Each structure stands twice: as C-alpha cells, then as structure tokens.
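Peer 1: Pasting a structure here, questions to come.
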Amino acid sequence: MATDQAQDDSISDTYGEFRSRVERISSVEDAGGVLRWDQEVVMPEDGTPARAQQLSTLSSISHELLTADETGDLLEELEAADLDDEQAAVVREIRRKYERATSVPEELVAEISETTATAHPEWKQAKENDDFEAFAPTLEKLVELKREYAEHIDPDADPYEVLFADYEPYLDLETAERVLERLRDELVPLIEAIDGSSAEITTDAFSGTFDDDDQEALACDVLDSLGYDWSRGRLDTAPHPFSTGTQFDARVTTRFEPEDLLGSITSTIHEFGHANYTLGLPDEQYGTPLGQSRDLSVHESQSRLWENHVGRSRAFWDHFLPIARERFPELEAVTPEEAYESANQVSDDNLIRVEADELTYHLHIVIRFEIERALISGDLEVEDVPEAWNDKYEAYLGVRPETDAEGCLQDIHWSHGSFGYFPTYSLGSVLAAQLYAAIEADLGDFSADIRNGEFDALNGWLRENVHRHGKRYTTPELIEEATGEAFTADYFLEYVAEKYGELYDL
C-alpha cells in the first residue's frame, strides 16, 4: 500500500512539473497571439520590422521549450504512468505537438515566423494596389518554406496532408476531400435550380449607404443581443475580420462597408461564434490543451452555427430587425420576412468568399483548396496563380475576376503561410448543421427563444456538449459525444435542400 502511494505521489509530482511546463509554453504562444492581433488591428504602419523580430523570438522560445530534452523526458515518464482521462488527453496532445516540433529545425521555425510577419503588410499593400506581382516573391518563399516544413515532419507523406493536419489533426485529408467533393457535386445542381427558379424574393432590404460609426454601434448591439461578455472581450475592425484570444480575453474584429450593412451584421455574428467558443473553455484549464479549442473544424462549426442557423433564420430577424431600426430608421419599411429573404439570397456571380451566401460559399472553398494543393505539390507555379484562380471562378461560378484584389489577393491566409486551412471552413459548416440537428433533438424547436432574444438554452447546450471539453476528445470522438453519430454531411445537405427549396419554391 505504501509503495502504491509513493508511486501515485511520484506520478502527481511528475504531472505537476509537466503541466507547469505546458502552461509556460502556452503563455508564450498566447503572447504571440496578442502581438499578431495588435499587428492586424492597431499597430502603426511602420512597426513591421520590430514586430517581425518580436514574433520570431517568441516563436523560437516556444519551440525551444516544447522540444527541450526535459519535455521529452517528462512525456516518456507520463506515458508509462497510470493517468486519469484528462491527464492522458493532455499528454496525448502535447506528445503530438512535441513530435512534430522536434522534427522541424528551430532555424526554420524562426524563418517561417519572421517571413509571415513581414508577409502580412506586403499582402495588404499588394491587395490595396491590385498588384499580385509585388506579393508573388513572398508567396513563393512561403510555399517553399512550408514544403520544407512538411518534409521535415514526414518525408514520406503528401506535403499538403501534413500541412492540413496542422489545422485538423484528427479528421484526415481523405475525409475533407470526400466532403468537399460531395458538396460540389450536390450543391451545384441546387444552385442551378435556384438560378432557374421563378420565385421572387426580396434582395434589397438592406440597400442604402450606412455610416461606419452607426454600423459599429449596431455591431455592439448584435454582440449585446447574443450575450457577448464584454468584461472578457472587445470589438475592433480589421481588413479581414477574425477572432482571437483565450477564455479570459476573446476579441472580435469586424469590418464596415458603407453599402453593406448586412455584411457587417453577419460578419460580427460569425466572429461572435468563434469568441463565444473560446469564452466557453474552462477557466481552470487555462494554459493546457483542456482549456484550448478543438482545432479549426470545430471552431468554424461554432461561427457557422451562429451566423447561418441563428443569424440567417426567420426567428432572428423577428428579434433583431426592431433593434436595427433604432439605429437606422431607413429600415422602418422593411419586414422581418424581407430581411430574412435578403439575408439568404443566393448569388452565383459573387467573387468574394466572405460575402458569399452559404451555398456558393463552398465553391469558393473548393477553388482555394484545389489551388493551394497544386501550389504545394508543385503542379502550379506561383506566377500562374491569378490565371488559375480566374479560370476556376469562371468554370465553377460563371464569373471572372477583373482584378487580383477581388481575385487571388482577397484572402489573408497565404500571407500567414496557412496552407491547408481553407477546407476547415466547409468541414465546420457541415458540422454546424449536424450539431444544430442534435440540439433540436434535445431541446425541441427553440425558434421562439431566438425570436425573443433568449439564447441561454442554446448556449448552455454548446457549453455542456462542446466548449467545456477543450481538447479532451479527438475531433471524431467529440462529434460522437455531442451528436451520437459519426461526422456526416447528411444534415447539412438536408438543411440547405429544405431551407432553399422552400425559399425558392423548388
């Protein structure tokens, strides 16, 4: 008995030391996250050289801590120990990070970090000037660096598969391809049927010119309405909206265009979904994988659930239109049904991913997926990206960009070196529909709650079944725990067929 107790004490001490080390690594990474937020939101234009060095230094420190012999020794001790489920999950997640990180030279990690820090302002300037050639050398360097990175991790694997696993480690690339192909094959006929429909729906409920300050006030109204915790967050603007942070500080950014009031509303709801997930992670697990989100497909499912299943519902516009009218009296004549129809119109001639409806959106993703996969494999040269991009838009959506700013320069992701990220958007949309079906199965029809601006039951379900688990489960395990089923595209395809079939009289 005494021997068992001594062994338990030893395991406890080892795990305590391990957890402290993990928390230290996490703190360095979170500090880098704050600096990246600052760079994209408020940093002075000429701050890039110093910021690149700062981010590179933090990246190197984090890499050194993670790959140190002490980390490997602690992992080895703990993997032979009798751990509880939560401890085992933390060890599993850090082991995976450790194995990938120890495969990559520290110099390469620092070079990637410094290159992406300088790439962001270069991309931003190139987009403003509609000048892909100005960004092309940096993009080419990033492609080469990420190929080298993938080669170090697994020289025998498809390099794009290695990169995809950075963002979605437990749903394999084959699953992503299968889902994307199914969406392409089943959505294209639906979009064509909608295009041929004679149904007349309102598309201009939000037409007009709207002041940025008033739009910002309305964005705050949106966040208030949904229950955003301002004591742990803030709202700012960014050219490419995003959310970042921890359960103690989850920040939202959005953007305002004078003639796109609806876009600022849906963008704010989308980013709320991300921040709401982050804020729902357990406080007591901060700094460990149990206090961190379960990768990007799950994260995107939260933003898509709030944006599409809530924010584009009839019930939401019954609730929110009166609030919008208080800010913008020119909406007085708009009915909730007209707002709903305008929020759900399908347009296959839109060039911009973040402005796309929830059907054609996935064709935007397929295009990016195919291009970046060809880039990483070497089947497409960087200089040929604009033409390949434009050709695919013409083939898939029947519209051709006239400028690179509205074409291949519109997204920020490649300037971050984030090759493999895009598929998670579609995977997240598919998962959102599966989760929403499970919520309705548990709670019944809660459209009346949405209509009354009451989101506690919905958020409570998400907290209980998704948020509180952090990374305790792998993605397939979490989906099974939350919905009782394996990951499937069935619910998304049924949802859009029913919704848009009714809207367009199909």
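The way I read the labels, and the way they are meant: chains A, B, ... in the order of the structure tokens, residue 1 as the first residue of every chain, and ligand 1 as the first ligand shown, with later ones counted on from there.
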As a list of chain:residue names, please: the residues near Arg232 in chain A (cut-off 9 Å, only C-alpha atoms, same-chain neighbours under 5 positions excluded).
Peer 2: A:Thr246, A:Gln247, A:Phe248, A:Asp249, A:Ala250, A:Arg251, A:Leu279
Peer 1: Select from range 334-390 of chain A everything DSSP, run on the backbone, classes as helix (DSSP H, G or I), then give the selection as a VMD selection string.
Peer 2: chain A and resid 336 to 343 353 to 355 361 to 377 382 to 390
Peer 1: Excluding range 441-448 of chain A and its own-chain neighbours fewer than 4 positions away, which residues fall within 7 Å of it when counting only C-alpha atoms? Please give them as a ChimeraX atom specification.
Peer 2: /A:315,437,452
Peer 1: When you count only C-alpha atoms, which of these residues is closest to Pro322 in chain A: A:Leu183, A:Val382, A:Val91, A:Ala339?
Peer 2: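 For Pro322 in chain A, the nearest of the candidates is A:Ala339.
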Peer 1: Check the smallest atom-to-atom distance from each of A:Pro44, A:Gly311, A:Gly233, A:Pro105 to His152 in chain A using only C-alpha atoms, then report the winner.
Peer 2: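 Using only C-alpha atoms, the shortest distance to His152 in chain A belongs to A:Pro105.
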Peer 1: At a cut-off of 10 Å, can you tabulate as a tab-separated table every residue of range 231-289 of chain A near range 397-417 of chain A together with its closest atom pair and the distance in Å to one decimal, using only C-alpha atoms and ordering rows by chain then number?
Peer 2:
residue	atom	partner	partner_atom	distance
A:Pro239	CA	A:Ile412	CA	9.0
A:His240	CA	A:Ile412	CA	6.9
A:Pro241	CA	A:Ile412	CA	9.9
